[in-house]
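> Contents are mmCIF, C-alpha atoms and all ligand atoms; file name start.cif:
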```cif
data_structure
#
loop_
_atom_site.group_PDB
_atom_site.id
_atom_site.type_symbol
_atom_site.label_atom_id
_atom_site.label_comp_id
_atom_site.auth_asym_id
_atom_site.auth_seq_id
_atom_site.Cartn_x
_atom_site.Cartn_y
_atom_site.Cartn_z
ATOM 1 C CA MET A 1 89.212 136.968 77.015
ATOM 2 C CA SER A 2 92.607 135.329 77.450
ATOM 3 C CA LEU A 3 92.764 131.689 78.395
ATOM 4 C CA PHE A 4 94.120 131.040 81.868
ATOM 5 C CA LYS A 5 94.181 128.157 84.316
ATOM 6 C CA LYS A 6 92.870 128.586 87.818
ATOM 7 C CA TYR A 7 92.018 126.539 90.819
ATOM 8 C CA LYS A 8 88.283 126.618 91.178
ATOM 9 C CA GLU A 9 85.426 127.962 89.096
ATOM 10 C CA VAL A 10 82.805 130.176 90.731
ATOM 11 C CA ILE A 11 79.724 130.332 88.543
ATOM 12 C CA ILE A 12 77.183 133.060 89.335
ATOM 13 C CA TYR A 13 73.625 132.145 88.364
ATOM 14 C CA LYS A 14 71.230 134.950 87.452
ATOM 15 C CA THR A 15 67.615 135.457 88.467
ATOM 16 C CA LYS A 16 64.857 136.214 85.933
ATOM 17 C CA GLU A 17 65.087 139.912 86.837
ATOM 18 C CA GLU A 18 68.852 139.963 86.367
ATOM 19 C CA ILE A 19 68.519 138.236 83.005
ATOM 20 C CA GLU A 20 66.153 141.003 81.867
ATOM 21 C CA LEU A 21 68.699 143.636 82.921
ATOM 22 C CA MET A 22 71.332 141.788 80.903
ATOM 23 C CA ARG A 23 68.999 141.686 77.895
ATOM 24 C CA HIS A 24 68.652 145.452 78.258
ATOM 25 C CA SER A 25 72.432 146.009 78.297
ATOM 26 C CA ASN A 26 72.760 143.744 75.277
ATOM 27 C CA LEU A 27 70.038 145.668 73.437
ATOM 28 C CA LEU A 28 72.237 148.769 73.611
ATOM 29 C CA VAL A 29 75.217 146.704 72.431
ATOM 30 C CA GLY A 30 73.225 145.581 69.375
ATOM 31 C CA GLN A 31 71.992 149.106 68.646
ATOM 32 C CA THR A 32 75.547 150.414 68.893
ATOM 33 C CA ILE A 33 77.042 147.822 66.531
ATOM 34 C CA ALA A 34 74.090 148.365 64.159
ATOM 35 C CA HIS A 35 74.717 152.105 64.117
ATOM 36 C CA LEU A 36 78.406 151.536 63.361
ATOM 37 C CA ALA A 37 77.359 149.115 60.597
ATOM 38 C CA SER A 38 75.350 151.903 58.982
ATOM 39 C CA LEU A 39 78.497 154.087 58.935
ATOM 40 C CA LEU A 40 80.903 151.512 57.482
ATOM 41 C CA LYS A 41 82.337 152.507 54.107
ATOM 42 C CA PRO A 42 85.729 152.910 52.463
ATOM 43 C CA GLY A 43 87.522 155.960 53.882
ATOM 44 C CA ILE A 44 86.066 155.955 57.401
ATOM 45 C CA THR A 45 88.565 155.310 60.188
ATOM 46 C CA THR A 46 88.025 152.809 62.965
ATOM 47 C CA LEU A 47 88.738 155.566 65.516
ATOM 48 C CA GLN A 48 85.815 157.590 64.106
ATOM 49 C CA LEU A 49 83.609 154.532 64.670
ATOM 50 C CA ASP A 50 84.900 154.099 68.216
ATOM 51 C CA VAL A 51 84.129 157.724 69.138
ATOM 52 C CA VAL A 52 80.562 157.376 67.832
ATOM 53 C CA ALA A 53 80.125 154.151 69.819
ATOM 54 C CA GLY A 54 81.271 155.769 73.071
ATOM 55 C CA GLN A 55 78.895 158.702 72.580
ATOM 56 C CA LEU A 56 75.915 156.489 71.719
ATOM 57 C CA ILE A 57 76.475 154.213 74.697
ATOM 58 C CA ARG A 58 76.736 157.138 77.160
ATOM 59 C CA ASP A 59 73.758 158.975 75.599
ATOM 60 C CA ASN A 60 71.728 155.880 76.407
ATOM 61 C CA GLY A 61 72.813 155.643 80.030
ATOM 62 C CA GLY A 62 75.504 153.024 79.616
ATOM 63 C CA VAL A 63 79.255 152.867 80.052
ATOM 64 C CA PRO A 64 81.513 151.126 77.511
ATOM 65 C CA SER A 65 82.531 147.881 79.243
ATOM 66 C CA PHE A 66 85.919 147.586 77.571
ATOM 67 C CA LEU A 67 87.192 151.113 78.309
ATOM 68 C CA ASN A 68 89.825 150.867 81.080
ATOM 69 C CA TYR A 69 89.322 147.097 81.395
ATOM 70 C CA HIS A 70 92.839 146.052 82.466
ATOM 71 C CA GLY A 71 93.885 149.362 80.935
ATOM 72 C CA TYR A 72 92.190 148.864 77.547
ATOM 73 C CA PRO A 73 92.181 152.407 76.101
ATOM 74 C CA TYR A 74 89.127 152.450 73.749
ATOM 75 C CA ASN A 75 85.344 151.997 73.843
ATOM 76 C CA THR A 76 85.269 149.121 71.376
ATOM 77 C CA CYS A 77 87.587 146.586 69.796
ATOM 78 C CA ILE A 78 87.738 146.915 66.007
ATOM 79 C CA SER A 79 89.836 144.228 64.351
ATOM 80 C CA VAL A 80 90.542 144.480 60.622
ATOM 81 C CA ASN A 81 91.651 141.614 58.323
ATOM 82 C CA ASP A 82 94.516 139.692 60.027
ATOM 83 C CA ALA A 83 93.578 141.247 63.400
ATOM 84 C CA VAL A 84 91.624 138.548 65.250
ATOM 85 C CA VAL A 85 90.321 140.451 68.301
ATOM 86 C CA HIS A 86 91.155 143.332 70.654
ATOM 87 C CA GLY A 87 92.113 145.561 67.721
ATOM 88 C CA PHE A 88 92.801 149.185 68.642
ATOM 89 C CA PRO A 89 90.590 151.654 66.792
ATOM 90 C CA GLY A 90 92.912 153.996 64.909
ATOM 91 C CA ASN A 91 93.496 156.350 62.015
ATOM 92 C CA LEU A 92 93.734 153.669 59.358
ATOM 93 C CA GLU A 93 91.010 154.191 56.731
ATOM 94 C CA LEU A 94 88.864 151.196 55.872
ATOM 95 C CA LYS A 95 89.032 150.089 52.258
ATOM 96 C CA GLU A 96 87.234 147.905 49.763
ATOM 97 C CA GLY A 97 87.725 144.220 50.585
ATOM 98 C CA ASP A 98 88.430 144.687 54.323
ATOM 99 C CA VAL A 99 86.837 142.424 56.926
ATOM 100 C CA VAL A 100 86.040 144.348 60.080
ATOM 101 C CA SER A 101 85.133 142.767 63.394
ATOM 102 C CA ILE A 102 83.365 145.118 65.791
ATOM 103 C CA ASP A 103 83.259 143.904 69.394
ATOM 104 C CA CYS A 104 81.218 145.981 71.830
ATOM 105 C CA GLY A 105 80.407 145.750 75.521
ATOM 106 C CA VAL A 106 77.987 147.875 77.544
ATOM 107 C CA PHE A 107 77.646 148.163 81.322
ATOM 108 C CA LYS A 108 74.226 149.399 82.388
ATOM 109 C CA ASN A 109 72.044 148.839 85.474
ATOM 110 C CA GLY A 110 74.805 146.773 87.072
ATOM 111 C CA PHE A 111 75.230 144.269 84.243
ATOM 112 C CA HIS A 112 77.348 143.844 81.137
ATOM 113 C CA GLY A 113 76.296 142.934 77.621
ATOM 114 C CA ASP A 114 78.879 141.720 75.086
ATOM 115 C CA SER A 115 78.503 140.947 71.394
ATOM 116 C CA ALA A 116 80.544 141.049 68.192
ATOM 117 C CA TYR A 117 79.952 140.865 64.440
ATOM 118 C CA THR A 118 82.309 140.746 61.456
ATOM 119 C CA PHE A 119 81.473 142.863 58.399
ATOM 120 C CA ALA A 120 82.695 142.697 54.815
ATOM 121 C CA ILE A 121 83.435 146.056 53.148
ATOM 122 C CA GLY A 122 82.688 145.712 49.455
ATOM 123 C CA ASP A 123 83.640 142.285 48.161
ATOM 124 C CA PRO A 124 86.513 140.523 49.952
ATOM 125 C CA GLY A 125 86.033 137.414 47.770
ATOM 126 C CA ALA A 126 84.096 134.168 48.074
ATOM 127 C CA ASP A 127 86.653 132.430 50.295
ATOM 128 C CA VAL A 128 86.551 135.211 52.891
ATOM 129 C CA MET A 129 82.751 135.412 52.753
ATOM 130 C CA GLN A 130 82.652 131.666 53.455
ATOM 131 C CA LEU A 131 84.899 132.177 56.509
ATOM 132 C CA LEU A 132 82.491 134.808 57.871
ATOM 133 C CA ARG A 133 79.406 132.709 57.188
ATOM 134 C CA VAL A 134 80.871 129.534 58.675
ATOM 135 C CA THR A 135 82.128 131.350 61.787
ATOM 136 C CA LYS A 136 78.658 132.859 62.306
ATOM 137 C CA GLU A 137 77.068 129.424 61.779
ATOM 138 C CA SER A 138 79.448 127.946 64.344
ATOM 139 C CA LEU A 139 78.289 130.500 66.922
ATOM 140 C CA TYR A 140 74.709 129.258 66.510
ATOM 141 C CA LYS A 141 75.836 125.632 66.562
ATOM 142 C CA GLY A 142 77.532 126.351 69.893
ATOM 143 C CA ILE A 143 74.446 128.130 71.215
ATOM 144 C CA GLU A 144 72.305 125.093 70.280
ATOM 145 C CA LYS A 145 74.356 123.088 72.782
ATOM 146 C CA ALA A 146 73.987 125.683 75.559
ATOM 147 C CA VAL A 147 71.153 123.872 77.321
ATOM 148 C CA ALA A 148 70.799 122.423 80.802
ATOM 149 C CA ASN A 149 72.725 119.235 81.560
ATOM 150 C CA ASN A 150 75.079 119.627 78.616
ATOM 151 C CA ARG A 151 78.649 120.690 79.388
ATOM 152 C CA ILE A 152 80.933 123.506 78.281
ATOM 153 C CA GLY A 153 82.782 120.958 76.127
ATOM 154 C CA ASP A 154 79.636 120.323 74.104
ATOM 155 C CA ILE A 155 79.550 123.982 73.058
ATOM 156 C CA ALA A 156 83.298 123.946 72.404
ATOM 157 C CA PHE A 157 83.178 120.777 70.327
ATOM 158 C CA ALA A 158 80.264 121.999 68.181
ATOM 159 C CA ILE A 159 82.166 125.174 67.256
ATOM 160 C CA GLN A 160 85.450 123.408 66.541
ATOM 161 C CA ASP A 161 83.770 120.617 64.605
ATOM 162 C CA HIS A 162 81.987 123.012 62.255
ATOM 163 C CA THR A 163 84.974 125.286 61.581
ATOM 164 C CA GLU A 164 88.131 123.172 61.887
ATOM 165 C CA ARG A 165 87.028 119.663 61.028
ATOM 166 C CA LYS A 166 84.473 120.542 58.383
ATOM 167 C CA TYR A 167 86.199 123.524 56.704
ATOM 168 C CA GLY A 168 89.862 123.275 57.721
ATOM 169 C CA TYR A 169 89.932 126.689 59.383
ATOM 170 C CA GLY A 170 92.059 127.445 62.462
ATOM 171 C CA VAL A 171 90.303 127.968 65.794
ATOM 172 C CA VAL A 172 92.241 130.328 68.055
ATOM 173 C CA ARG A 173 93.347 128.573 71.258
ATOM 174 C CA GLU A 174 94.679 131.506 73.288
ATOM 175 C CA LEU A 175 91.343 133.293 73.614
ATOM 176 C CA VAL A 176 88.011 132.000 74.841
ATOM 177 C CA GLY A 177 84.425 132.975 75.592
ATOM 178 C CA HIS A 178 83.392 133.553 79.177
ATOM 179 C CA GLY A 179 80.714 133.839 81.799
ATOM 180 C CA ILE A 180 79.291 137.358 81.984
ATOM 181 C CA GLY A 181 77.172 139.339 84.430
ATOM 182 C CA ARG A 182 78.070 141.996 86.971
ATOM 183 C CA SER A 183 81.624 141.424 85.727
ATOM 184 C CA LEU A 184 82.575 141.401 82.050
ATOM 185 C CA HIS A 185 84.463 138.157 82.551
ATOM 186 C CA GLU A 186 83.091 135.568 84.960
ATOM 187 C CA ASP A 187 83.533 131.826 85.150
ATOM 188 C CA PRO A 188 83.335 129.542 83.330
ATOM 189 C CA GLN A 189 85.700 129.969 80.414
ATOM 190 C CA VAL A 190 84.090 128.918 77.138
ATOM 191 C CA PRO A 191 86.737 127.642 74.703
ATOM 192 C CA ASN A 192 85.949 127.241 71.011
ATOM 193 C CA PHE A 193 87.744 123.873 70.938
ATOM 194 C CA GLY A 194 87.407 120.799 73.105
ATOM 195 C CA LYS A 195 85.809 117.474 73.815
ATOM 196 C CA ARG A 196 82.125 116.643 74.181
ATOM 197 C CA GLY A 197 81.120 115.902 77.770
ATOM 198 C CA ASN A 198 84.074 117.823 79.274
ATOM 199 C CA GLY A 199 83.987 120.833 81.569
ATOM 200 C CA ALA A 200 81.406 122.495 83.776
ATOM 201 C CA LYS A 201 77.825 121.307 83.652
ATOM 202 C CA LEU A 202 75.398 123.836 82.173
ATOM 203 C CA MET A 203 72.479 124.899 84.356
ATOM 204 C CA PRO A 204 69.556 127.296 83.824
ATOM 205 C CA GLY A 205 70.531 130.850 84.772
ATOM 206 C CA MET A 206 74.160 130.549 83.633
ATOM 207 C CA THR A 207 74.987 133.502 81.403
ATOM 208 C CA LEU A 208 77.744 133.041 78.842
ATOM 209 C CA ALA A 209 79.431 135.063 76.115
ATOM 210 C CA ILE A 210 80.094 132.574 73.321
ATOM 211 C CA GLU A 211 82.559 133.969 70.810
ATOM 212 C CA PRO A 212 84.200 131.837 68.119
ATOM 213 C CA MET A 213 87.410 133.411 66.771
ATOM 214 C CA VAL A 214 88.271 131.585 63.557
ATOM 215 C CA ASN A 215 91.213 132.046 61.193
ATOM 216 C CA MET A 216 91.009 131.333 57.486
ATOM 217 C CA GLY A 217 94.505 129.845 57.654
ATOM 218 C CA LYS A 218 96.402 128.435 60.622
ATOM 219 C CA LYS A 219 95.245 128.804 64.230
ATOM 220 C CA ASP A 220 98.437 130.539 65.420
ATOM 221 C CA VAL A 221 98.286 134.128 66.622
ATOM 222 C CA PHE A 222 100.576 136.722 68.183
ATOM 223 C CA TYR A 223 100.217 139.977 70.094
ATOM 224 C CA ASP A 224 100.925 143.135 68.125
ATOM 225 C CA GLU A 225 103.427 145.641 69.560
ATOM 226 C CA ASP A 226 100.511 147.658 71.029
ATOM 227 C CA GLY A 227 100.196 144.808 73.557
ATOM 228 C CA TRP A 228 96.503 144.159 72.786
ATOM 229 C CA THR A 229 95.780 143.503 69.134
ATOM 230 C CA VAL A 230 95.835 139.773 68.419
ATOM 231 C CA ARG A 231 96.876 138.942 64.841
ATOM 232 C CA THR A 232 97.162 135.780 62.764
ATOM 233 C CA LYS A 233 100.760 134.608 62.299
ATOM 234 C CA ASP A 234 100.188 133.753 58.651
ATOM 235 C CA GLY A 235 98.608 137.154 57.958
ATOM 236 C CA LYS A 236 95.386 135.613 56.645
ATOM 237 C CA PRO A 237 92.011 137.049 57.710
ATOM 238 C CA SER A 238 90.088 136.066 60.812
ATOM 239 C CA ALA A 239 86.419 136.263 61.833
ATOM 240 C CA HIS A 240 84.715 136.820 65.190
ATOM 241 C CA PHE A 241 81.046 136.586 66.128
ATOM 242 C CA GLU A 242 79.757 136.790 69.699
ATOM 243 C CA HIS A 243 76.438 136.533 71.522
ATOM 244 C CA SER A 244 75.647 136.789 75.214
ATOM 245 C CA ILE A 245 73.236 133.983 76.112
ATOM 246 C CA CYS A 246 71.495 132.476 79.107
ATOM 247 C CA VAL A 247 71.398 128.697 79.487
ATOM 248 C CA GLN A 248 67.852 127.365 79.807
ATOM 249 C CA LYS A 249 66.275 123.938 79.899
ATOM 250 C CA ASP A 250 65.473 123.229 76.257
ATOM 251 C CA LYS A 251 66.828 126.212 74.330
ATOM 252 C CA ALA A 252 69.312 128.945 75.191
ATOM 253 C CA ASP A 253 67.922 132.459 75.547
ATOM 254 C CA ILE A 254 70.004 134.714 73.278
ATOM 255 C CA LEU A 255 70.283 138.028 75.162
ATOM 256 C CA SER A 256 72.136 139.961 72.466
ATOM 257 C CA SER A 257 70.636 140.244 69.009
ATOM 258 C CA PHE A 258 71.913 140.552 65.445
ATOM 259 C CA GLU A 259 68.519 141.722 64.173
ATOM 260 C CA ALA A 260 69.280 145.456 64.033
ATOM 261 C CA ILE A 261 72.845 144.713 62.933
ATOM 262 C CA GLU A 262 71.736 142.538 60.024
ATOM 263 C CA ALA A 263 69.143 145.134 58.965
ATOM 264 C CA ALA A 264 71.853 147.827 58.939
ATOM 265 C CA GLU A 265 74.241 145.479 57.128
ATOM 266 C CA LYS A 266 71.643 144.827 54.421
ATOM 267 C CA ALA A 267 70.730 148.500 54.049
ATOM 268 C CA ASN A 268 74.367 149.617 53.637
ATOM 269 C CA SER A 269 75.373 149.247 49.971
ATOM 270 C CA HIS A 270 79.081 149.359 50.958
ATOM 271 C CA LEU A 271 78.728 145.998 52.757
ATOM 272 C CA THR A 272 78.317 142.427 51.559
ATOM 273 C CA PRO A 273 75.928 140.710 54.012
ATOM 274 C CA VAL A 274 77.377 137.645 55.720
ATOM 275 C CA GLY A 275 74.035 135.821 55.438
HETATM 276 N N1 LIG B 1 84.585 140.279 73.777
HETATM 277 C C1 LIG B 1 85.944 140.448 74.257
HETATM 278 C C2 LIG B 1 86.164 139.588 75.455
HETATM 279 O O1 LIG B 1 85.226 139.288 76.085
HETATM 280 C C3 LIG B 1 86.226 141.876 74.488
HETATM 281 C C4 LIG B 1 87.115 142.234 75.614
HETATM 282 S S1 LIG B 1 88.019 143.586 75.194
HETATM 283 C C5 LIG B 1 88.734 144.165 76.582
HETATM 284 O O2 LIG B 1 87.262 139.161 75.735
HETATM 285 F F1 LIG B 1 89.307 145.258 76.252
HETATM 286 F F2 LIG B 1 87.819 144.435 77.438
HETATM 287 F F3 LIG B 1 89.540 143.284 77.054
HETATM 288 CO CO CO B 2 83.433 138.632 75.129
#
```
Please, can you express the file's structure as structure tokens?


Amino acid sequence: MSLFKKYKEVIIYKTKEEIELMRHSNLLVGQTIAHLASLLKPGITTLQLDVVAGQLIRDNGGVPSFLNYHGYPYNTCISVNDAVVHGFPGNLELKEGDVVSIDCGVFKNGFHGDSAYTFAIGDPGADVMQLLRVTKESLYKGIEKAVANNRIGDIAFAIQDHTERKYGYGVVRELVGHGIGRSLHEDPQVPNFGKRGNGAKLMPGMTLAIEPMVNMGKKDVFYDEDGWTVRTKDGKPSAHFEHSICVQKDKADILSSFEAIEAAEKANSHLTPVG
């Protein structure tokens, strides 16, 4: 979601039952991304993938969360190469060496699930594979900090530290993770950059979408003429991984899952697994 300043945060805590409903929505998100992963190959268009996603979500009793969200016109966001996030599915055919971020949201039983994964078609080269791996690692480093009595800034710092300080990548500033629940975007905002000990205190029952967006080159981005697609200014590739999680006392509960996605990624000979 886009970064914005507001007066007061309203954080909605979820009950055990609500958390299970969110896990269920996220299960369908994971199955959908996994199915798209099995279809990825040179020559397929991102619009073909989007149509399949919409069908699969509805066949399983869900509604695509992104469709019509502030006028967003597709079921999924599919962002290729220099597209960071919010890429419009379209008639461009994927090709060898592309990096493809698939971001999917599902609304079911009153709750949203939201997750994203970046795939490598064929071999985009060792430097790009490192970007994908490090961005994925940073997601888990952020999640490690999503425990009670830490703060949002602890998550933010862990992600920025691993990607920017350690590897020299550019963390996007204009877009952030978010609370999630009955609405796709709830408070608090979850930036991928910041200071330890800053921001809202984390408490059990807080549900967050943590989503590092990391550029291989500089952090600067711009909006494409379609008004949605965010692209890197320097034209270098970008990676995006996202999990929906619930803050708990000692260890965050990861509500979305990459298990089916990683199995599909491994089984598809057109893809190089991120690892
Ligand atoms: N994961 C993205 C986000 O939470 C997807 C939103 S796409 C939109 O910001 F179309 F719904 F905006
Ligand atoms: Co999100």

> May I have the residues within 9 Å of segment 70-78 of chain A as an MDAnalysis selection string, using only C-alpha atoms and disregarding those fewer than 3 positions away in the same chain?

chainID A and resid 46:47 49:51 53:54 63:67 83 85:90 100:105 228:229

> What separation in Å, quoted to one decimal, exists between atom CA of Ala239 of chain A and atom CA of Gly179 of chain A?

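According to the coordinates, atom CA of Ala239 of chain A and atom CA of Gly179 of chain A are separated by 20.9 Å.
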
> When distances are computed from only C-alpha atoms and all ligand atoms, which of A:Met129, A:Met213, A:Leu21, A:Ile152 shows the smallest separation from ligand CO 2 (chain B)?

A:Met213

> Between A:His35, A:His243, A:Lys201, A:Lys236, which one has atoms that come closest to ligand CO 2 (chain B), using all atoms listed in the file?

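Selected residue with least distance to ligand CO 2 (chain B): A:His243.
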
> Would you please work out which residue, of A:Asn268, A:Thr163, A:Ser244, A:Ser138, is nearest to ligand LIG 1 (chain B) when using all atoms listed in the file?

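That would be A:Ser244, the residue with the smallest distance to ligand LIG 1 (chain B).
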
> Build an axis-aligned box that encloses every atom of ligand LIG 1 (chain B) listed in the file, pad it by 3 Å on each side, and report its centre and edge lengths in Å to one decimal, as AutoDock Vina command-line options.


```
--center_x 87.1 --center_y 142.2 --center_z 75.6 --size_x 11.0 --size_y 12.1 --size_z 9.7
```

> In Å, with one decimal, what is the gap from atom CA of Arg196 of chain A to atom N1 of ligand LIG 1 (chain B)?

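Answer for the atom CA of Arg196 of chain A to atom N1 of ligand LIG 1 (chain B) separation: 23.8 Å.
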
> Atom CA of Leu3 of chain A and atom CA of Gly62 of chain A, how far apart in Å?

27.5 Å

> Mind listing the residues within 9 Å of ligand CO 2 (chain B), only C-alpha atoms and all ligand atoms counted, as a ChimeraX atom specification?

/A:1,103-105,113-116,176-180,184-185,208-211,242-244

> For Tyr169 of chain A, which residue among A:Pro212, A:Gly43, A:Gly125, A:Gly275 is the nearest when counting all atoms listed in the file?

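The closest residue to Tyr169 of chain A is A:Pro212.
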
> Apply the PyMOL selection byres (((chain A and resi 32) around 9) and not hetatm) to the structure shown and report the selected residues as a PyMOL selection string.

chain A and resi 27-31+33-37+52-54+56-57+104+261

> Closest to Glu96 of chain A among A:Glu265, A:Asp123, A:Glu9, A:Asp59, using only C-alpha atoms?

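Nearest candidate to Glu96 of chain A out of A:Glu265, A:Asp123, A:Glu9, A:Asp59: A:Asp123.
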
> Show me, as a list in words, the residues that have an atom within 8 Å of Ala156 of chain A when counting only C-alpha atoms, minus same-chain residues fewer than 4 positions from it.

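The neighbour list is Gly142, Ile152, Gln160, Val190, Pro191, Asn192, Phe193, Gly194, Lys195 and Arg196 of chain A.
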
> Name the closest residue to ligand LIG 1 (chain B) among the candidates A:Leu131, A:Leu40, A:Val230, A:Ala148; distances are taken between atoms, counting all atoms listed in the file.

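Of all the options, A:Val230 lies closest to ligand LIG 1 (chain B).
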
> Val147 of chain A: which residues within 6 Å, counting only C-alpha atoms, same-chain residues fewer than 6 positions away excluded, as a ChimeraX atom specification?

/A:247-252

> So which residues touch Val10 of chain A within 9 Å, counting only C-alpha atoms, skipping near sequence neighbours fewer than 5 positions away, as an mmCIF file with C-alpha atoms, in the frame of the given file?


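In the end it all went to result-v6.cif:
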```
data_model
loop_
_atom_site.group_PDB
_atom_site.id
_atom_site.type_symbol
_atom_site.label_atom_id
_atom_site.label_comp_id
_atom_site.auth_asym_id
_atom_site.auth_seq_id
_atom_site.Cartn_x
_atom_site.Cartn_y
_atom_site.Cartn_z
ATOM 1 C CA GLU A 186 83.091 135.568 84.960
ATOM 2 C CA ASP A 187 83.533 131.826 85.150
ATOM 3 C CA PRO A 188 83.335 129.542 83.330
#
```

> Written as number ranges by chain, what is the full residue list that the PyMOL selection byres (((chain A and resi 132) around 8) and not hetatm) yields on the file shown?

A: 118, 128-131, 133-136, 239-240, 274

> Once the PyMOL selection byres (((chain A and resi 272) around 8) and not hetatm) has been evaluated on this model, what residues remain selected, and can you format them as a ChimeraX atom specification?

/A:119-123,265-266,269-271,273-274

> Can you tell me which residues surround Ile155 of chain A at a distance of at most 7 Å, considering all atoms listed in the file, apart from same-chain residues fewer than 4 positions away, and format the answer as a ChimeraX atom specification?

/A:142-143,145-146,159
